[in-house]
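Reading through the structure tokens given below for one structure.
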Amino acid sequence: MSRLKKLYESTILDHNKNPRNFRVISPCSNSSHGKNPLCGDDYFVFLDIKEGIIEDISFHGSGCAISMSSGSLMTTHLKGKTVDYAYQNKDVFLKMVSKDMTSEEKKILGKLSVFEGVKDYPVRVKCAALVWRALEDALGKNKGEISTE
Amino acid sequence: MSRLKKLYESTILDHNKNPRNFRVISPCSNSSHGKNPLCGDDYFVFLDIKEGIIEDISFHGSGCAISMSSGSLMTTHLKGKTVDYAYQNKDVFLKMVSKDMTSEEKKILGKLSVFEGVKDYPVRVKCAALVWRALEDALGKNKGEISTE
Amino acid sequence: MLTVDEIRKDFPILSRKINGKQYAYLDNTTTTHKPLSVIKTMTDFLKKENSSVNRGVYYLSQKATARCEETREKVQRFINAKREEEVVFTKGTTEAINLVATSFGSTLKKGDEVIITEMEHHANIVPWQQVCLSQGAIFKVIPFSDSGMLDQEAFDRLLSHKTKIVAITHCSNVLGTINSIKKMVEKAHKYGAKVLIDGAQAIQHLPIDVQDLDCDFYCFSGHKLYGPTGIGILYGKYELLSMMPPYQTGGDMIDIVTFEKTTFKETPYKFEAGTSAIVEIIGLGATIDYLENIGYETITLLEVPLLEYAMSELKQIEGISIYGSAAKRAGIISFNIDGVHAHDAGTIFDDEGVALRVGHHCAQPIMTHFGIPATIRASIGFYNTKEEIDKFIIGVKKIKEFFK
Amino acid sequence: MLTVDEIRKDFPILSRKINGKQYAYLDNTTTTHKPLSVIKTMTDFLKKENSSVNRGVYYLSQKATARCEETREKVQRFINAKREEEVVFTKGTTEAINLVATSFGSTLKKGDEVIITEMEHHANIVPWQQVCLSQGAIFKVIPFSDSGMLDQEAFDRLLSHKTKIVAITHCSNVLGTINSIKKMVEKAHKYGAKVLIDGAQAIQHLPIDVQDLDCDFYCFSGHKLYGPTGIGILYGKYELLSMMPPYQTGGDMIDIVTFEKTTFKETPYKFEAGTSAIVEIIGLGATIDYLENIGYETITLLEVPLLEYAMSELKQIEGISIYGSAAKRAGIISFNIDGVHAHDAGTIFDDEGVALRVGHHCAQPIMTHFGIPATIRASIGFYNTKEEIDKFIIGVKKIKEFFK
Ligand SMILES: Cc1ncc(COP(=O)(O)O)c(C=O)c1O
Ligand SMILES: Cc1ncc(COP(=O)(O)O)c(C=O)c1O
């Protein structure tokens, strides 16, 4: 069970029960729709970006504890930050959930490193990554739709 | 080789080299086209029947030694005989090439019993049977086409 | 009667430790394990008799051909088909349904109707949707009730002389419901409609008699019947198969090929283009031998008490939603634990050594019906034990605890 | 370099006595034997790791999924495809060609042209004939010369901007000819036509580099590559596979299913409906490992001297007609003995312990070309020996004697 406790870290369980920024921003400057048809995870990510700064960010939808808490922690982590910072964090996050990290990289992610346990569960990687993929898509083009499986 | 010598009995080899009744009867009362696409055996059987008597019978086409000699011996065996006799011989012949026979049945077939060795070669049964199947078809309807495989 | 302990000796994989953990295998709906006799038959063939079929005059090739045709006979007997020619080898249920939807479906005309049910697996939905699109036919759906029963009155209303084909699953792979096929076939036939039965799940649990059911087509897969992957069966009534055009084309299914025109063999060969899945066909033959030796009576006697036990234990746990409660059902239990996403439950079951499936089970319309993204599904085979059910129930309780 | 004696240890079936007789297996064009490592990989999976793919969150299911995807990567590397997504699992060459003829073929319009060659296997004739019939496209054929060479000038004349697809065998299963694919692809591409290569025979003898050939599709079967039955590969360029509609539909290849509309996954999954031939895919992975370990250089060094020896011995016998004498050729020898029907010869070869094939070899147009009903075909694999060729030559002489 200890490996499992690492996956379902208490922060994760908390953010799953009480997801932060779990709402729709409308109108917004950027958004995307991410879904994983295999397990039914399905989220929208909304951003309000002004001059390179993420002034507001939220997400909405449904899915497993990993994807839900990932959305909650991602939005918490990125609010008020620059778009560049978001891109950088996305890269490091996606690396973390599948590979080993340097301690430097770990520092960048801060609280997000609670998702480190995911890399021991290859089939759950896409759950943690889904909202980040949607974020990437939203940043790239203004409205979009993506699917991970 | 002895099993093989039984299959390729000397009568069979002879009738293969010098097939009897190897010609077209035209016009004729009954005919049929029999083929076995797998090995390319391809024969026509022609009959001239008057009042239940096979006044003339021939075959033409190409194929292996077993099918060729079968055509030659069948036509030799049936010329001048009744249609009923042909039907009866067909049944006994088809039985012989796949099952054991009684000595009585063997007597009916006469020379045709040289094909007894075929039953040890299941894939060759259809070669021996082809002209007989065509005969059956020709007797049933007036012109036809059949295929064995 | 064989006991489960005896049967489990034929499936050593069931007691194998994986990463130090012994799994309770409760994913028999997805695929089943294969008895040693089936594995050995396939291995022996590969090691000692490997050869192609329908082609050679030499000994091994004749023998391989005979063994494949022997399997056809075994299947014919197993499902009580009238003739061998009614048994077509496919690569699985999905291909069998695609074959019928494409070949028989090519006779559909604009305005003709195809009826399926709301509880179908995608394999028995999408091919019909596609053929309706291409032929301009109309696609209709029989709904089911929350208890998992097909709405027979709706079926009566949907049926008409426009109905050309009805495609129904014999047993739902999510709800476990065993549908009243015989009655539905009778109704459909009154309107001249043909009926295809998706038997992928049913044949694992019930003896099948296609003549008694009087269905026009019946499909199933080897790998869900304790047999090999890569092989399945399409049963079709002789008159129908005879008049249907071929599906895939190529070697072994043709009569004569010229560049102007090609003529095809008779059924079943005209539907079996290319080199057959020889080893898999031979393995399927051994599978049928194995199942006939156990017998469906024994299968029922082993499975039903396990299903009843699992259901009664599960119902005693609070906060569990179970989907499907038909009276006639197979050992397939779909449920959710309140407040827990099925995918999270799946991960914990794995940790606990319970192999089961979570997701939409290729039956998204059933998820839509209940307004859920996924279910947890435990499915019982004749080789499962009460201890394995206990392990599963403990897993459910741990998950509740974990996410409370 | 591995010697043939070492290699033969991997194929004990080659030295097995059948009815007291040891066979020279010279039917490698029809199907090949499987090395022990392939059989063991499949058996081990069935005994220890059996599970379904793409679905489960539990350990074995994840592992099975990973192993199937590993095979996809191996195939990609083996034929030097650019991306994994270009490798589609099918049940064999025949299905791969049918897939392209149906899916890509659905884009053909009235008056478009499809070019094949006179030396194709039925699998690369009939699907194109059928799609031309249904789409109103025009079917054209590149003839070959009596020596078994494609008429390149005729090809130049047939090509035009109307040409949409050219389907050519890499290696003729009757004549042994290895066609100049790269040059022909180049010509076809000048007119914007796509090229499908039937690699069923070639890949047994030659290393394949699809990027170098620049072909658009390449197809082959496991069972002709010393691997399992029931599995084959369609390689297709990513851009083409991406834009092509699905072929069969059902589970595992869909994105979202509602009764109104279904959306599909990306390539390769959109072409892989239903439960995969898991065991066979894993066996194909082991096959590629085995072949890479031997290496195509060794294969050539083993096969070519046998072919040359067999040819020179055969030519010394009077009254033999050999069909095909291309300079670049594989170890496939088709011939007839004057005055002896191929089928009679086949029976005597069997008696002599020589396993080879007689018939039209699913290439009736080649028979028509030479005005013959059938040929005797001996085909050489890397595990054959000089002694086996001697046995074959003795067989030829005995047959002549028998029917003299
Ligand atoms: C050149 C060629 N193409 C296609 C095929 C068909 O392959 P399969 O029967 O494995 O689908 C064969 C073998 O029979 C062949 O030799
Ligand atoms: C009811 C039902 N139909 C069809 C299928 C498809 O079977 P296969 O994937 O073996 O083709 C399945 C299994 O996935 C099923 O449960």
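By convention in this document, the chains of the structure tokens carry letters A, B, ... by their order, each chain's residues are numbered from 1, and ligands are numbered from 1 in the order they are shown.
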
Dump the neighbourhood of ligand 1 as a VMD selection string: all residues within 9 Å, distances computed on only C-alpha atoms and all ligand atoms. (chain C and resid 250 to 252 273 to 276) or (chain D and resid 29 to 31 91 to 97 119 to 124 169 to 174 198 to 202 219 to 224 229 to 232 361 to 363)

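Summary of the local environment: counting only C-alpha atoms, residues at most 10 Å from B:Leu135, other than itself and those fewer than 4 positions away along its chain, are B:Asn30, B:Ser31, B:Ser32, B:His33, B:Gly34, B:Phe44, B:Val45, B:Phe46, B:Leu47, B:Ile57, B:Phe59, B:Gly71, B:Met74, B:Thr75, B:Ala86, B:Tyr87, B:Lys90, B:Ala129, B:Leu130, B:Val131, B:Leu139, B:Gly140, B:Gly144, B:Ile146.
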
Interface residues on chain B facing chain D, 8 Å, only C-alpha atoms, written as JSON, numbers by chain: {"B": [1, 4, 13, 38, 39, 40, 41, 63, 64, 65, 66]}

Which of stretch 190-282 of chain C fall in strand (DSSP E), as JSON, numbers by chain: {"C": [194, 195, 196, 197, 198, 217, 218, 219, 220, 221, 232, 233, 234, 235, 236, 254, 255, 256, 257, 262, 263, 264]}

Could you check how far atom CA of D:Asp390 sits from atom CA of D:Gly346, in Å to one decimal? 16.6 Å

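Residues in contact range of C:Glu84, defined as at most 9 Å between only C-alpha atoms, with sequence neighbours fewer than 4 positions away removed, read Glu69, Arg72, Glu73, Val75, Gln76, Arg77, Val88 and Pro268 of chain C.
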
Output of the above residues as a compact mmCIF listing (two decimals), in the first residue's frame, restricted to all heavy atoms:
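Output contents, as saved in result.txt:
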# COMPACT_ATOMS: atom_id res chain seq x y z
N GLU C 69 -10.60 -28.66 -40.89
CA GLU C 69 -11.99 -29.01 -41.22
C GLU C 69 -12.65 -29.75 -40.05
O GLU C 69 -13.85 -29.63 -39.83
CB GLU C 69 -12.05 -29.82 -42.51
CG GLU C 69 -11.72 -28.99 -43.76
CD GLU C 69 -12.54 -27.70 -43.86
OE1 GLU C 69 -13.77 -27.73 -43.66
OE2 GLU C 69 -11.94 -26.64 -44.13
N ARG C 72 -14.01 -27.24 -37.85
CA ARG C 72 -15.29 -26.74 -38.39
C ARG C 72 -16.43 -27.67 -37.97
O ARG C 72 -17.49 -27.21 -37.55
CB ARG C 72 -15.20 -26.64 -39.92
CG ARG C 72 -16.15 -25.62 -40.51
CD ARG C 72 -16.18 -25.66 -42.03
NE ARG C 72 -14.95 -25.32 -42.70
CZ ARG C 72 -14.54 -24.08 -42.95
NH1 ARG C 72 -15.27 -23.06 -42.57
NH2 ARG C 72 -13.41 -23.85 -43.59
N GLU C 73 -16.18 -28.97 -38.07
CA GLU C 73 -17.20 -29.94 -37.65
C GLU C 73 -17.50 -29.83 -36.16
O GLU C 73 -18.64 -29.93 -35.74
CB GLU C 73 -16.69 -31.35 -37.89
CG GLU C 73 -16.90 -31.90 -39.29
CD GLU C 73 -16.19 -33.25 -39.41
OE1 GLU C 73 -16.44 -34.14 -38.56
OE2 GLU C 73 -15.37 -33.37 -40.33
N VAL C 75 -17.19 -27.20 -34.26
CA VAL C 75 -17.96 -25.98 -34.03
C VAL C 75 -19.41 -26.22 -34.43
O VAL C 75 -20.34 -25.85 -33.72
CB VAL C 75 -17.38 -24.78 -34.81
CG1 VAL C 75 -18.30 -23.57 -34.70
CG2 VAL C 75 -15.99 -24.44 -34.29
N GLN C 76 -19.58 -26.86 -35.57
CA GLN C 76 -20.94 -27.16 -36.04
C GLN C 76 -21.71 -27.91 -34.97
O GLN C 76 -22.84 -27.54 -34.61
CB GLN C 76 -20.86 -28.01 -37.32
CG GLN C 76 -22.23 -28.37 -37.87
CD GLN C 76 -22.20 -29.64 -38.72
OE1 GLN C 76 -21.14 -30.08 -39.16
NE2 GLN C 76 -23.36 -30.22 -38.94
N ARG C 77 -21.09 -28.95 -34.42
CA ARG C 77 -21.74 -29.74 -33.39
C ARG C 77 -21.95 -28.93 -32.12
O ARG C 77 -23.00 -28.98 -31.49
CB ARG C 77 -20.86 -30.96 -33.08
CG ARG C 77 -21.61 -32.20 -32.67
CD ARG C 77 -20.63 -33.29 -32.26
NE ARG C 77 -19.57 -32.77 -31.43
CZ ARG C 77 -18.27 -32.87 -31.70
NH1 ARG C 77 -17.86 -33.47 -32.80
NH2 ARG C 77 -17.37 -32.35 -30.88
N VAL C 88 -18.13 -20.28 -40.57
CA VAL C 88 -17.07 -19.52 -41.25
C VAL C 88 -16.03 -19.11 -40.21
O VAL C 88 -16.38 -18.60 -39.15
CB VAL C 88 -17.65 -18.25 -41.91
CG1 VAL C 88 -16.56 -17.43 -42.60
CG2 VAL C 88 -18.76 -18.60 -42.90
N PRO C 268 -18.31 -22.21 -46.99
CA PRO C 268 -17.75 -21.08 -46.26
C PRO C 268 -16.50 -20.49 -46.89
O PRO C 268 -16.03 -19.44 -46.48
CB PRO C 268 -17.39 -21.71 -44.91
CG PRO C 268 -17.02 -23.12 -45.25
CD PRO C 268 -17.94 -23.50 -46.40

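Proximity to stretch 100-115 of chain B at 9 Å, evaluated using only C-alpha atoms and with sequence-adjacent residues fewer than 6 positions away removed, yields Lys6, Leu7, Tyr8, Glu9, Ser10, Thr11, Ile12, Ile66, Ser70, Leu73, Met74, His77, Asn89, Val92, Phe93 and Ala128 of chain B.
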
Which neighbours of stretch 299-309 of chain D fall inside 12 Å, counting only C-alpha atoms, when residues of the same chain fewer than 6 positions from it are skipped, and could you give them as a VMD selection string? chain D and resid 1 to 5 7 26 28 176 203 to 207 290 to 293 315 to 316 325 327 to 334 378 to 390 392 to 393

So that I can see what lies close to B:Tyr85, please list as a PyMOL selection string the residues with an atom at most 10 Å from it, counting only C-alpha atoms and leaving out residues fewer than 6 positions away in the same chain. chain B and resi 52-54+78+108

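Taking only C-alpha atoms into account, chain C lies nearest to D:Ile256 out of the set D:Ala286, D:Ile178, D:Ile256, D:Val131.
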
DSSP alpha helix (DSSP H) selection over stretch 10-121 of chain B, as an NGL selection string: :B and (10-17 or 65-78 or 83-96 or 103-109)

Take the residues that were just selected and, keeping N, CA and C atoms, output them as a tab-separated table (two decimals), in the first residue's frame.
chain	number	residue	atom	x	y	z
B	10	SER	N	-0.84	-50.25	-63.95
B	10	SER	CA	-0.37	-50.16	-65.34
B	10	SER	C	-1.49	-49.81	-66.31
B	11	THR	N	-2.70	-50.30	-66.03
B	11	THR	CA	-3.85	-49.95	-66.88
B	11	THR	C	-4.06	-48.44	-66.87
B	12	ILE	N	-3.90	-47.86	-65.68
B	12	ILE	CA	-4.10	-46.43	-65.56
B	12	ILE	C	-3.06	-45.67	-66.37
B	13	LEU	N	-1.81	-46.10	-66.24
B	13	LEU	CA	-0.75	-45.43	-67.00
B	13	LEU	C	-1.00	-45.55	-68.50
B	14	ASP	N	-1.44	-46.71	-68.89
B	14	ASP	CA	-1.73	-46.93	-70.31
B	14	ASP	C	-2.86	-46.02	-70.80
B	15	HIS	N	-3.98	-46.00	-70.06
B	15	HIS	CA	-5.12	-45.17	-70.48
B	15	HIS	C	-4.78	-43.68	-70.40
B	16	ASN	N	-3.84	-43.30	-69.53
B	16	ASN	CA	-3.41	-41.92	-69.47
B	16	ASN	C	-2.66	-41.56	-70.75
B	17	LYS	N	-1.78	-42.45	-71.16
B	17	LYS	CA	-0.99	-42.18	-72.37
B	17	LYS	C	-1.86	-42.24	-73.63
B	65	ALA	N	-3.00	-37.78	-64.64
B	65	ALA	CA	-3.11	-39.17	-65.10
B	65	ALA	C	-4.35	-39.87	-64.52
B	66	ILE	N	-4.66	-39.56	-63.28
B	66	ILE	CA	-5.80	-40.23	-62.65
B	66	ILE	C	-7.11	-39.79	-63.30
B	67	SER	N	-7.26	-38.51	-63.52
B	67	SER	CA	-8.51	-38.02	-64.11
B	67	SER	C	-8.62	-38.45	-65.58
B	68	MET	N	-7.48	-38.39	-66.29
B	68	MET	CA	-7.49	-38.76	-67.70
B	68	MET	C	-7.85	-40.22	-67.89
B	69	SER	N	-7.21	-41.09	-67.14
B	69	SER	CA	-7.48	-42.53	-67.29
B	69	SER	C	-8.89	-42.86	-66.78
B	70	SER	N	-9.34	-42.09	-65.81
B	70	SER	CA	-10.69	-42.31	-65.30
B	70	SER	C	-11.70	-42.03	-66.41
B	71	GLY	N	-11.47	-40.96	-67.17
B	71	GLY	CA	-12.34	-40.63	-68.29
B	71	GLY	C	-12.30	-41.72	-69.35
B	72	SER	N	-11.10	-42.18	-69.62
B	72	SER	CA	-10.94	-43.19	-70.65
B	72	SER	C	-11.63	-44.50	-70.25
B	73	LEU	N	-11.41	-44.92	-69.02
B	73	LEU	CA	-12.01	-46.19	-68.57
B	73	LEU	C	-13.51	-46.07	-68.35
B	74	MET	N	-13.96	-44.93	-67.89
B	74	MET	CA	-15.40	-44.75	-67.69
B	74	MET	C	-16.13	-44.85	-69.03
B	75	THR	N	-15.64	-44.15	-70.02
B	75	THR	CA	-16.33	-44.13	-71.31
B	75	THR	C	-16.30	-45.52	-71.94
B	76	THR	N	-15.15	-46.21	-71.81
B	76	THR	CA	-15.06	-47.58	-72.33
B	76	THR	C	-16.09	-48.48	-71.66
B	77	HIS	N	-16.17	-48.31	-70.34
B	77	HIS	CA	-17.04	-49.17	-69.52
B	77	HIS	C	-18.53	-48.96	-69.80
B	78	LEU	N	-18.90	-47.75	-70.17
B	78	LEU	CA	-20.34	-47.44	-70.24
B	78	LEU	C	-20.92	-47.47	-71.65
B	83	VAL	N	-28.70	-46.21	-69.14
B	83	VAL	CA	-28.50	-45.08	-68.24
B	83	VAL	C	-28.56	-45.57	-66.78
B	84	ASP	N	-29.44	-46.50	-66.51
B	84	ASP	CA	-29.53	-47.05	-65.15
B	84	ASP	C	-28.21	-47.68	-64.73
B	85	TYR	N	-27.63	-48.43	-65.64
B	85	TYR	CA	-26.36	-49.07	-65.37
B	85	TYR	C	-25.28	-48.02	-65.07
B	86	ALA	N	-25.32	-46.92	-65.81
B	86	ALA	CA	-24.35	-45.84	-65.60
B	86	ALA	C	-24.50	-45.25	-64.20
B	87	TYR	N	-25.76	-45.00	-63.82
B	87	TYR	CA	-26.01	-44.45	-62.48
B	87	TYR	C	-25.47	-45.39	-61.41
B	88	GLN	N	-25.78	-46.66	-61.56
B	88	GLN	CA	-25.37	-47.63	-60.57
B	88	GLN	C	-23.84	-47.70	-60.46
B	89	ASN	N	-23.18	-47.73	-61.63
B	89	ASN	CA	-21.72	-47.80	-61.64
B	89	ASN	C	-21.09	-46.54	-61.02
B	90	LYS	N	-21.71	-45.40	-61.30
B	90	LYS	CA	-21.21	-44.15	-60.72
B	90	LYS	C	-21.22	-44.25	-59.20
B	91	ASP	N	-22.35	-44.72	-58.63
B	91	ASP	CA	-22.44	-44.83	-57.17
B	91	ASP	C	-21.37	-45.76	-56.62
B	92	VAL	N	-21.22	-46.89	-57.25
B	92	VAL	CA	-20.24	-47.86	-56.74
B	92	VAL	C	-18.82	-47.32	-56.91
B	93	PHE	N	-18.58	-46.69	-58.03
B	93	PHE	CA	-17.24	-46.13	-58.28
B	93	PHE	C	-16.89	-45.08	-57.21
B	94	LEU	N	-17.83	-44.17	-56.97
B	94	LEU	CA	-17.57	-43.11	-55.99
B	94	LEU	C	-17.38	-43.70	-54.60
B	95	LYS	N	-18.06	-44.80	-54.34
B	95	LYS	CA	-17.86	-45.45	-53.05
B	95	LYS	C	-16.45	-46.06	-53.00
B	96	MET	N	-16.08	-46.71	-54.07
B	96	MET	CA	-14.78	-47.41	-54.11
B	96	MET	C	-13.61	-46.48	-53.82
B	103	SER	N	-16.99	-57.69	-52.34
B	103	SER	CA	-16.48	-58.32	-53.56
B	103	SER	C	-17.54	-58.27	-54.66
B	104	GLU	N	-18.80	-58.22	-54.22
B	104	GLU	CA	-19.89	-58.11	-55.20
B	104	GLU	C	-19.81	-56.79	-55.96
B	105	GLU	N	-19.62	-55.73	-55.18
B	105	GLU	CA	-19.51	-54.41	-55.80
B	105	GLU	C	-18.32	-54.37	-56.75
B	106	LYS	N	-17.27	-55.01	-56.32
B	106	LYS	CA	-16.06	-55.03	-57.13
B	106	LYS	C	-16.34	-55.68	-58.49
B	107	LYS	N	-17.18	-56.70	-58.43
B	107	LYS	CA	-17.49	-57.42	-59.67
B	107	LYS	C	-18.19	-56.49	-60.67
B	108	ILE	N	-19.12	-55.68	-60.18
B	108	ILE	CA	-19.86	-54.77	-61.05
B	108	ILE	C	-18.90	-53.88	-61.83
B	109	LEU	N	-17.87	-53.39	-61.11
B	109	LEU	CA	-16.99	-52.39	-61.71
B	109	LEU	C	-16.01	-52.98	-62.72

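Atom CA of D:Leu234 sits 19.1 Å away from atom CA of D:Asp289.
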